[in-house]
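Structure data (mmCIF, C-alpha atoms and all ligand atoms) from query-v2.cif:
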data_run
loop_
_atom_site.label_atom_id
_atom_site.label_comp_id
_atom_site.auth_asym_id
_atom_site.auth_seq_id
_atom_site.Cartn_x
_atom_site.Cartn_y
_atom_site.Cartn_z
CA MET A 135 0.00 0.00 0.00
CA ASP A 136 2.97 2.32 0.67
CA THR A 137 4.58 1.68 -2.72
CA VAL A 138 5.61 4.78 -4.65
CA PHE A 139 4.76 4.06 -8.30
CA THR A 140 6.39 5.66 -11.36
CA LEU A 141 5.39 6.47 -14.92
CA GLN A 142 6.93 3.14 -15.99
CA ASP A 143 4.72 1.27 -13.49
CA LEU A 144 1.76 3.09 -15.01
CA ARG A 145 2.66 1.92 -18.51
CA ASP A 146 2.51 -1.69 -17.23
CA TRP A 147 -0.53 -1.09 -15.00
CA ASN A 148 -3.01 -3.98 -15.01
CA ARG A 149 -4.41 -3.99 -11.47
CA PRO A 150 -8.06 -5.02 -11.26
CA GLY A 151 -10.60 -2.89 -9.43
CA THR A 152 -11.18 0.84 -9.20
CA SER A 153 -8.01 2.88 -8.91
CA LEU A 154 -7.49 6.36 -7.48
CA ALA A 155 -4.12 8.09 -7.09
CA VAL A 156 -2.20 11.16 -6.00
CA LEU A 157 0.47 12.55 -8.33
CA GLY A 158 3.28 14.76 -7.10
CA HIS A 159 7.01 15.29 -6.86
CA PRO A 160 8.10 14.58 -4.21
CA ILE A 161 5.25 12.31 -3.08
CA LYS A 162 6.75 9.88 -0.54
CA HIS A 163 5.44 11.81 2.48
CA SER A 164 1.89 12.37 1.20
CA LEU A 165 -0.79 11.55 3.77
CA SER A 166 -3.47 11.13 1.09
CA PRO A 167 -3.11 7.36 0.43
CA ALA A 168 -3.48 6.52 4.14
CA MET A 169 -6.46 8.88 4.54
CA HIS A 170 -8.35 7.71 1.47
CA ASN A 171 -7.65 3.99 1.92
CA ALA A 172 -8.85 4.21 5.54
CA ALA A 173 -12.12 5.77 4.39
CA LEU A 174 -12.52 3.27 1.52
CA ALA A 175 -11.96 0.31 3.88
CA GLU A 176 -14.79 1.57 6.09
CA MET A 177 -17.05 2.29 3.10
CA ALA A 178 -16.43 -1.27 1.83
CA ARG A 179 -17.75 -2.69 5.12
CA ALA A 180 -21.12 -1.07 4.44
CA ASP A 181 -21.15 -1.42 0.64
CA PRO A 182 -19.25 -4.21 -1.19
CA ARG A 183 -19.10 -1.96 -4.27
CA PHE A 184 -16.08 -0.29 -2.65
CA ALA A 185 -14.24 -3.52 -1.77
CA ASP A 186 -11.85 -3.29 -4.73
CA TRP A 187 -11.24 0.49 -4.59
CA ARG A 188 -7.58 1.45 -3.87
CA TYR A 189 -5.79 4.77 -3.70
CA HIS A 190 -2.13 4.80 -4.87
CA ARG A 191 0.74 7.31 -5.06
CA PHE A 192 2.79 8.18 -8.15
CA ASP A 193 6.02 10.16 -8.28
CA ILE A 194 5.62 12.17 -11.48
CA LEU A 195 8.05 14.86 -12.66
CA PRO A 196 6.51 18.06 -14.10
CA ASP A 197 7.64 17.21 -17.66
CA ALA A 198 5.94 13.79 -17.42
CA LEU A 199 2.56 15.13 -16.29
CA PRO A 200 0.91 15.28 -19.78
CA ASP A 201 1.89 11.65 -20.52
CA ALA A 202 0.82 10.54 -17.04
CA LEU A 203 -2.60 12.20 -17.31
CA GLU A 204 -3.20 10.67 -20.73
CA LEU A 205 -2.18 7.17 -19.56
CA LEU A 206 -4.16 7.38 -16.32
CA HIS A 207 -7.23 8.33 -18.32
CA ARG A 208 -6.69 5.48 -20.76
CA LYS A 209 -6.22 3.03 -17.85
CA LYS A 210 -9.52 4.37 -16.45
CA PHE A 211 -8.32 5.60 -13.05
CA LEU A 212 -11.54 7.02 -11.59
CA GLY A 213 -9.99 9.95 -9.77
CA LEU A 214 -6.72 11.76 -9.11
CA ASN A 215 -5.38 14.21 -6.59
CA LEU A 216 -2.62 16.57 -7.67
CA THR A 217 -0.07 18.10 -5.36
CA VAL A 218 3.14 20.15 -5.75
CA PRO A 219 4.08 21.01 -8.50
CA HIS A 220 1.11 19.85 -10.63
CA LYS A 221 -1.91 21.88 -9.47
CA THR A 222 -1.41 24.76 -11.90
CA LEU A 223 0.35 22.74 -14.61
CA ALA A 224 -2.72 20.51 -15.04
CA PHE A 225 -5.18 23.39 -15.31
CA ASP A 226 -4.85 23.72 -19.11
CA ARG A 227 -4.56 19.98 -19.68
CA VAL A 228 -8.03 18.77 -18.71
CA ALA A 229 -11.22 18.48 -20.76
CA GLY A 230 -13.39 20.42 -18.32
CA ILE A 231 -13.13 22.60 -15.21
CA ASP A 232 -15.64 22.92 -12.39
CA PRO A 233 -16.80 26.58 -12.57
CA ALA A 234 -15.83 27.14 -8.91
CA ALA A 235 -12.22 26.17 -9.70
CA ARG A 236 -11.87 28.53 -12.67
CA PRO A 237 -10.93 31.71 -10.75
CA VAL A 238 -8.42 29.71 -8.67
CA GLY A 239 -6.40 28.81 -11.78
CA ALA A 240 -5.37 25.50 -10.21
CA ILE A 241 -6.92 22.06 -9.70
CA ASN A 242 -6.17 19.44 -7.06
CA THR A 243 -8.87 16.84 -7.87
CA LEU A 244 -9.56 15.19 -11.24
CA HIS A 245 -12.57 13.04 -12.06
CA TRP A 246 -12.65 10.61 -15.00
CA THR A 247 -15.28 11.35 -17.67
CA PRO A 248 -15.49 9.71 -21.12
CA ALA A 249 -14.43 13.02 -22.74
CA GLY A 250 -11.37 13.42 -20.49
CA TRP A 251 -10.50 14.64 -17.00
CA ARG A 252 -12.77 17.12 -15.21
CA GLY A 253 -10.83 19.34 -12.80
CA HIS A 254 -11.97 20.57 -9.38
CA ASN A 255 -10.29 22.45 -6.57
CA THR A 256 -11.26 21.26 -3.08
CA ASP A 257 -8.73 23.37 -1.10
CA GLY A 258 -11.17 26.26 -0.58
CA HIS A 259 -13.86 23.91 0.70
CA GLY A 260 -11.25 22.28 2.96
CA LEU A 261 -10.25 25.64 4.39
CA ALA A 262 -13.81 26.81 5.09
CA ALA A 263 -14.81 23.47 6.66
CA ALA A 264 -11.63 23.37 8.79
CA ILE A 265 -12.14 26.92 10.09
CA ARG A 266 -15.74 26.07 10.97
CA GLU A 267 -14.70 22.87 12.73
CA THR A 268 -11.60 24.07 14.59
CA LEU A 269 -12.24 27.79 15.23
CA ALA A 270 -16.06 27.71 15.16
CA ARG A 271 -15.98 30.61 12.65
CA GLU A 272 -17.46 31.19 9.22
CA LEU A 273 -15.59 32.92 6.38
CA ALA A 274 -18.91 34.55 5.47
CA GLY A 275 -19.11 37.93 7.17
CA ALA A 276 -15.60 37.77 8.65
CA PRO A 277 -12.80 40.28 8.11
CA VAL A 278 -9.90 38.13 6.85
CA VAL A 279 -6.15 38.78 6.97
CA LEU A 280 -4.51 36.42 4.48
CA LEU A 281 -0.73 35.86 4.46
CA GLY A 282 0.79 34.76 1.13
CA ALA A 283 0.23 35.16 -2.59
CA GLY A 284 0.99 31.67 -3.95
CA GLY A 285 -1.37 28.92 -5.07
CA ALA A 286 -2.82 28.15 -1.63
CA ALA A 287 -3.38 31.85 -0.94
CA ARG A 288 -5.24 32.24 -4.22
CA ALA A 289 -7.54 29.30 -3.43
CA ALA A 290 -8.15 30.77 0.04
CA ALA A 291 -8.83 34.28 -1.30
CA VAL A 292 -11.29 33.02 -3.91
CA GLU A 293 -13.15 31.03 -1.23
CA CYS A 294 -13.28 34.06 1.11
CA LEU A 295 -14.73 36.24 -1.66
CA ARG A 296 -17.10 33.51 -2.89
CA ARG A 297 -18.47 33.11 0.64
CA ARG A 298 -18.72 36.89 1.02
CA CYS A 299 -16.22 37.66 3.75
CA ALA A 300 -16.65 41.18 5.19
CA SER A 301 -13.25 42.37 3.90
CA LEU A 302 -10.02 40.79 2.68
CA TRP A 303 -6.54 42.08 3.63
CA ILE A 304 -3.66 40.27 1.91
CA ALA A 305 0.03 40.55 2.85
CA ASN A 306 2.99 39.04 1.03
CA ARG A 307 6.78 39.20 1.23
CA THR A 308 7.18 39.94 -2.51
CA ARG A 309 5.07 42.92 -3.55
CA ALA A 310 5.00 41.97 -7.25
CA HIS A 311 3.41 38.59 -6.44
CA LEU A 312 0.87 40.32 -4.22
CA ASP A 313 -0.03 42.79 -6.99
CA THR A 314 -0.56 39.94 -9.47
CA LEU A 315 -2.89 38.19 -7.02
CA LEU A 316 -4.82 41.39 -6.25
CA ALA A 317 -5.32 42.04 -9.97
CA ALA A 318 -6.73 38.51 -10.43
CA LEU A 319 -9.07 38.91 -7.45
CA ARG A 320 -10.37 42.42 -8.15
CA PRO A 321 -13.20 41.36 -10.51
CA LEU A 322 -14.46 38.83 -7.93
CA ALA A 323 -14.27 41.36 -5.09
CA ALA A 324 -15.95 44.07 -7.15
CA ALA A 325 -18.76 41.71 -8.17
CA GLY A 326 -19.51 41.18 -4.48
CA THR A 327 -18.50 44.75 -3.51
CA ILE A 328 -16.14 43.35 -0.87
CA PRO A 329 -13.28 45.63 0.27
CA LEU A 330 -9.96 44.13 -0.93
CA HIS A 331 -6.58 45.47 0.26
CA GLY A 332 -2.91 44.52 -0.11
CA PHE A 333 -0.28 45.42 2.48
CA ASP A 334 3.34 44.97 3.50
CA PRO A 335 3.49 42.31 6.26
CA ALA A 336 5.93 44.52 8.17
CA ALA A 337 3.41 47.39 8.29
CA PRO A 338 -0.22 46.23 8.67
CA PRO A 339 -2.75 49.06 8.23
CA ALA A 340 -4.24 50.35 11.49
CA ASP A 341 -7.78 50.03 10.11
CA ILE A 342 -7.81 46.22 9.87
CA PRO A 343 -11.03 45.51 11.83
CA VAL A 344 -11.20 43.83 15.20
CA ALA A 345 -11.94 40.07 15.27
CA ALA A 346 -10.27 39.33 11.92
CA LEU A 347 -9.44 35.75 11.00
CA VAL A 348 -5.70 35.46 10.25
CA ILE A 349 -4.94 32.74 7.70
CA ASN A 350 -1.36 31.74 6.89
CA ALA A 351 -1.05 30.49 3.32
CA THR A 352 2.72 31.05 3.06
CA SER A 353 5.20 28.20 3.31
CA ALA A 354 7.13 30.08 6.03
CA GLY A 355 7.12 27.62 8.91
CA LEU A 356 7.60 24.39 6.98
CA ARG A 357 11.21 24.35 8.25
CA ASP A 358 12.09 24.99 11.89
CA SER A 359 14.57 27.65 10.78
CA ASP A 360 11.87 29.67 8.94
CA PRO A 361 10.94 33.09 10.30
CA ALA A 362 7.26 33.72 11.14
CA PRO A 363 5.53 35.24 8.07
CA PHE A 364 3.93 37.94 10.23
CA ASP A 365 4.17 39.50 13.70
CA LEU A 366 0.67 39.26 15.21
CA ALA A 367 1.58 41.88 17.80
CA ARG A 368 1.65 44.48 15.00
CA LEU A 369 -2.12 44.23 14.54
CA ALA A 370 -3.72 47.27 16.15
CA ARG A 371 -6.90 45.34 16.95
CA ARG A 372 -7.19 41.84 18.39
CA PRO A 373 -7.91 39.12 15.82
CA ALA A 374 -10.50 36.37 16.39
CA GLY A 375 -8.07 33.52 15.71
CA VAL A 376 -5.21 32.20 13.61
CA PHE A 377 -5.36 29.38 11.08
CA ASP A 378 -2.03 28.12 9.71
CA MET A 379 -2.34 25.91 6.62
CA ILE A 380 0.94 24.21 7.58
CA TYR A 381 0.36 20.95 9.50
CA ASN A 382 3.88 19.52 9.56
CA PRO A 383 5.44 20.69 11.84
CA PRO A 384 2.23 20.81 13.89
CA GLN A 385 3.21 24.07 15.57
CA THR A 386 4.84 26.94 13.67
CA ARG A 387 6.32 30.15 15.10
CA LEU A 388 3.13 31.94 14.07
CA LEU A 389 0.95 29.48 16.01
CA ALA A 390 3.27 29.67 19.02
CA GLN A 391 2.94 33.47 19.05
CA ALA A 392 -0.84 33.22 18.70
CA ALA A 393 -0.99 30.84 21.67
CA ALA A 394 1.24 33.17 23.70
CA LEU A 395 -1.16 36.03 22.93
CA GLY A 396 -4.09 33.89 24.09
CA LEU A 397 -5.60 33.64 20.59
CA PRO A 398 -7.38 30.53 19.30
CA ALA A 399 -4.83 28.95 16.92
CA VAL A 400 -4.93 25.80 14.80
CA ASN A 401 -2.78 24.13 12.16
CA GLY A 402 -3.77 22.92 8.69
CA LEU A 403 -4.41 19.23 9.41
CA ALA A 404 -8.21 19.63 9.40
CA MET A 405 -7.96 21.43 6.04
CA LEU A 406 -6.01 18.50 4.60
CA VAL A 407 -8.69 16.10 5.86
CA HIS A 408 -11.63 18.18 4.58
CA GLN A 409 -10.17 18.76 1.10
CA GLY A 410 -9.74 14.96 0.94
CA VAL A 411 -13.30 14.35 2.13
CA ARG A 412 -14.61 16.57 -0.65
CA ALA A 413 -12.47 14.79 -3.27
CA LEU A 414 -13.71 11.35 -2.18
CA GLU A 415 -17.28 12.66 -2.28
CA ILE A 416 -16.76 13.79 -5.90
CA TRP A 417 -15.45 10.33 -6.89
CA THR A 418 -17.90 8.15 -4.94
CA GLY A 419 -20.98 10.37 -5.12
CA GLN A 420 -21.57 10.04 -1.40
CA PRO A 421 -20.20 11.65 1.78
CA PRO A 422 -17.29 9.52 3.05
CA PRO A 423 -16.71 8.72 6.73
CA ILE A 424 -14.46 11.46 8.11
CA GLU A 425 -13.23 9.81 11.32
CA PRO A 426 -11.01 7.16 9.68
CA MET A 427 -9.48 9.91 7.50
CA ARG A 428 -8.81 12.06 10.54
CA ARG A 429 -7.27 9.14 12.43
CA ALA A 430 -5.05 8.14 9.49
CA ALA A 431 -3.80 11.70 8.96
CA GLY A 432 -3.17 12.24 12.67
CA LYS A 433 -1.38 8.92 13.16
CA ILE A 434 1.11 9.42 10.37
CA ARG A 435 1.90 12.95 11.46
CA GLN A 436 3.23 11.66 14.77
CA THR A 437 5.57 9.04 13.26
P1 LIG B 1 3.61 28.61 -3.14
O1 LIG B 1 5.04 28.21 -3.34
O2 LIG B 1 2.71 28.77 -4.30
O3 LIG B 1 3.58 30.02 -2.31
C1 LIG B 1 4.46 30.21 -1.23
C2 LIG B 1 4.08 31.50 -0.49
O4 LIG B 1 4.85 31.55 0.72
C3 LIG B 1 4.41 32.78 -1.27
O5 LIG B 1 3.46 33.77 -0.95
C4 LIG B 1 5.78 33.16 -0.69
O6 LIG B 1 6.06 34.53 -0.76
C5 LIG B 1 5.59 32.78 0.74
N1 LIG B 1 6.84 32.53 1.46
C6 LIG B 1 7.71 31.51 1.24
N2 LIG B 1 8.75 31.59 2.11
C7 LIG B 1 8.51 32.69 2.89
C8 LIG B 1 9.21 33.30 3.96
N3 LIG B 1 10.38 32.81 4.42
N4 LIG B 1 8.68 34.40 4.54
C9 LIG B 1 7.50 34.92 4.10
N5 LIG B 1 6.79 34.39 3.07
C10 LIG B 1 7.30 33.28 2.47
O7 LIG B 1 3.05 27.53 -2.09
P2 LIG B 1 1.51 27.10 -1.89
O8 LIG B 1 0.70 28.33 -1.98
O9 LIG B 1 1.20 25.94 -2.75
O10 LIG B 1 1.53 26.54 -0.38
C11 LIG B 1 1.67 27.41 0.73
C12 LIG B 1 1.56 26.62 2.04
O11 LIG B 1 0.24 26.12 2.19
C13 LIG B 1 2.49 25.41 2.11
O12 LIG B 1 3.06 25.37 3.39
C14 LIG B 1 1.57 24.22 1.92
O13 LIG B 1 2.04 23.07 2.56
C15 LIG B 1 0.29 24.75 2.57
N6 LIG B 1 -0.93 24.07 2.08
C16 LIG B 1 -1.68 23.36 2.99
C17 LIG B 1 -2.84 22.71 2.60
C18 LIG B 1 -3.63 21.94 3.60
O14 LIG B 1 -4.49 21.12 3.20
N7 LIG B 1 -3.43 22.16 4.89
C19 LIG B 1 -3.31 22.77 1.19
C20 LIG B 1 -2.48 23.58 0.33
C21 LIG B 1 -1.32 24.19 0.78
P3 LIG B 1 6.83 35.21 -2.03
O15 LIG B 1 5.76 35.56 -3.02
O16 LIG B 1 7.49 36.36 -1.41
O17 LIG B 1 7.79 34.17 -2.55
#
Go ahead and render the structure in this file as structure tokens.
Ligand code: NDP
Amino acid sequence: MDTVFTLQDLRDWNRPGTSLAVLGHPIKHSLSPAMHNAALAEMARADPRFADWRYHRFDILPDALPDALELLHRKKFLGLNLTVPHKTLAFDRVAGIDPAARPVGAINTLHWTPAGWRGHNTDGHGLAAAIRETLARELAGAPVVLLGAGGAARAAAVECLRRRCASLWIANRTRAHLDTLLAALRPLAAAGTIPLHGFDPAAPPADIPVAALVINATSAGLRDSDPAPFDLARLARRPAGVFDMIYNPPQTRLLAQAAALGLPAVNGLAMLVHQGVRALEIWTGQPPPIEPMRRAAGKIRQT
């Protein structure tokens, strides 16, 4: 079950049953196979239709993605997850895109159709569901401070605007990347007449409202040596809580500072679980059991 398959393995693929897979590079540490296989095992106990469903992992280099997608479609894999670096690369290589994923410009879930792959993005759903579950907050109606301007930040920003947050304040280390993101978001914000602002993380505007949700979508914190992406003490008004998309390590400098300030603070593990739940729902057509997915993700994190 832990085997890391390659493009060559795919060429020779003749496993019976319904196959699902995650593609990435690197992929060895992905939690997705354990999460999805745990849910499928439980679903099979209630419905024998799922008894031969398996979720695999493939190490696929960026250059090999077009060949891999074509082969996986021909071999009738029912569904795929995409992780770094494939989420944006695949966007122009699928037959159809879920309308909700279009403004994100990236897809993390593919569903087999006779005409080709249909692309979805479940990260925004995962974020909203995780914030509801762990911080008991809704994106709808909340002022949001978003850190980062990469792919995860874009998915988060689109979800905040789609759910009609009260206002969106985005900070990023590199101003040019922030400006590109703001330009992409402006039509969505204007359509909902939602205030949208960019700022330098070293100088947050004093008028960021009280009780904002702070969401870290930067990769600062993945390594122990990383600086915090933002100093929470610089906010003039107290935020409602801090959500860090990073889940490994389980506590970043940002989360440690939030805890020291007495703010509710959670890492990104619940987001990982909820984006996976949504993907499995797309492939199976029914809500999967979440507890085995949560247990599988939590167990591996500690090893
Ligand atoms: P990208 O590479 O697309 O973006 C990285 C972002 O982090 C950029 O905004 C970059 O800023 C910023 N950044 C990187 N290093 C630093 C630093 N030292 N200080 C300040 N800012 C920094 O990555 P993604 O958007 O794909 O992913 C971002 C994070 O979100 C990752 O940690 C990823 O693991 C996590 N994630 C978690 C998910 C979950 O389910 N929990 C789902 C998806 C992502 P700049 O523009 O200046 O380079």
Shell around Arg297 in chain A at 10 Å using only C-alpha atoms, local window under 2 positions removed, as a VMD selection string: chain A and resid 262 272 to 276 291 to 295 299 to 300 326
Per residue of chain A within 6 Å of ligand LIG 1 (chain B), which atom pair is closest and at what distance in Å (one decimal), using only C-alpha atoms and all ligand atoms, listed by chain and increasing number, as a Markdown table?
| residue | atom | partner | partner_atom | distance |
| --- | --- | --- | --- | --- |
| A:Asp257 | CA | B:LIG1 | C19 | 5.9 |
| A:Gly282 | CA | B:LIG1 | O5 | 3.5 |
| A:Ala283 | CA | B:LIG1 | O5 | 3.9 |
| A:Gly284 | CA | B:LIG1 | O2 | 3.4 |
| A:Gly285 | CA | B:LIG1 | O8 | 3.8 |
| A:Ala286 | CA | B:LIG1 | O8 | 3.5 |
| A:Ala287 | CA | B:LIG1 | O8 | 5.5 |
| A:Asn306 | CA | B:LIG1 | O5 | 5.6 |
| A:Arg307 | CA | B:LIG1 | O16 | 3.9 |
| A:Thr308 | CA | B:LIG1 | O16 | 3.8 |
| A:His311 | CA | B:LIG1 | O15 | 5.1 |
| A:Ala351 | CA | B:LIG1 | O11 | 4.7 |
| A:Thr352 | CA | B:LIG1 | O4 | 3.2 |
| A:Ser353 | CA | B:LIG1 | O12 | 3.5 |
| A:Ala354 | CA | B:LIG1 | C7 | 4.3 |
| A:Leu356 | CA | B:LIG1 | O12 | 5.9 |
| A:Asp360 | CA | B:LIG1 | N3 | 5.7 |
| A:Pro361 | CA | B:LIG1 | N3 | 5.9 |
| A:Pro363 | CA | B:LIG1 | C9 | 4.4 |
| A:Met379 | CA | B:LIG1 | N7 | 4.3 |
| A:Ile380 | CA | B:LIG1 | O12 | 4.8 |
| A:Gly402 | CA | B:LIG1 | N7 | 3.9 |
| A:Leu403 | CA | B:LIG1 | N7 | 5.5 |
| A:Met405 | CA | B:LIG1 | O14 | 4.5 |
| A:Leu406 | CA | B:LIG1 | O14 | 3.3 |
Spatial neighbours of Leu154 in chain A, 9 Å, all atoms listed in the file, chain gap at least 2 places, as a list in words: Thr152, Val156, Trp187, Arg188, Tyr189, His190, Arg191, Phe211, Leu212, Gly213, Leu214, Asn215 and Trp417 of chain A
Atomic distance CA of Asp334 in chain A - CA of Gly355 in chain A, expressed in Å with one decimal: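 One can read the CA of Asp334 in chain A to CA of Gly355 in chain A distance as 18.6 Å.
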Length of the CA of Ala346 in chain A to CA of Ala392 in chain A vector [Å]: 13.1 Å
Top pick for closest residue to Leu315 in chain A, considering A:Gly253, A:Pro338, A:Gly239, A:Pro167 and counting only C-alpha atoms: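 Of all the options, A:Gly239 lies closest to Leu315 in chain A.
CA of Leu244 in chain A is positioned 12.6 Å from CA of Thr222 in chain A.
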Contacts of Pro421 in chain A at 8 Å (all atoms listed in the file; same-chain gap of 4+ positions) as a ChimeraX atom specification: /A:411-412,414-415
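If you measure from each of A:Ala362, A:Leu347, A:Thr247, A:Thr386 to Arg266 in chain A using only C-alpha atoms, the closest one turns out to be A:Leu347.
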Near-Ala263 in chain A list (9 Å; all atoms listed in the file; drop same-chain fewer than 5 positions) as a list of chain:residue names: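 Close residues of Ala263 in chain A: A:Gly258, A:Thr268, A:Glu272, A:Ala404, A:Met405, A:His408, A:Gln409.
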Contact residues around range 319-323 of chain A with only C-alpha atoms at 9 Å, ignoring same-chain residues under 6 positions, as a list in words: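 Those residues are Pro237, Arg288, Ala291, Val292, Leu295, Arg296, Arg298, Leu302, Pro329 and Leu330 of chain A.
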Nearest-residue call for Pro277 in chain A, choices A:Thr243, A:Ala264, A:Pro373, A:Leu216, using only C-alpha atoms: A:Pro373
Option closest in space to Asp193 in chain A, from A:Ala310, A:Val138, A:Ala394, A:Ala413 [counting all atoms listed in the file]: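 Looking only at the distances to Asp193 in chain A, the closest residue turns out to be A:Val138.
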From A:Arg387, A:Leu397, A:Asp226, A:Leu165, residue lying nearest Gly432 in chain A [only C-alpha atoms]: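 Of all the options, A:Leu165 lies closest to Gly432 in chain A.
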Of the listed residues A:Arg183, A:Arg149, A:Arg429, A:Arg357, that which approaches Val407 in chain A most closely, counting all atoms listed in the file: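 Selected residue with least distance to Val407 in chain A: A:Arg429.
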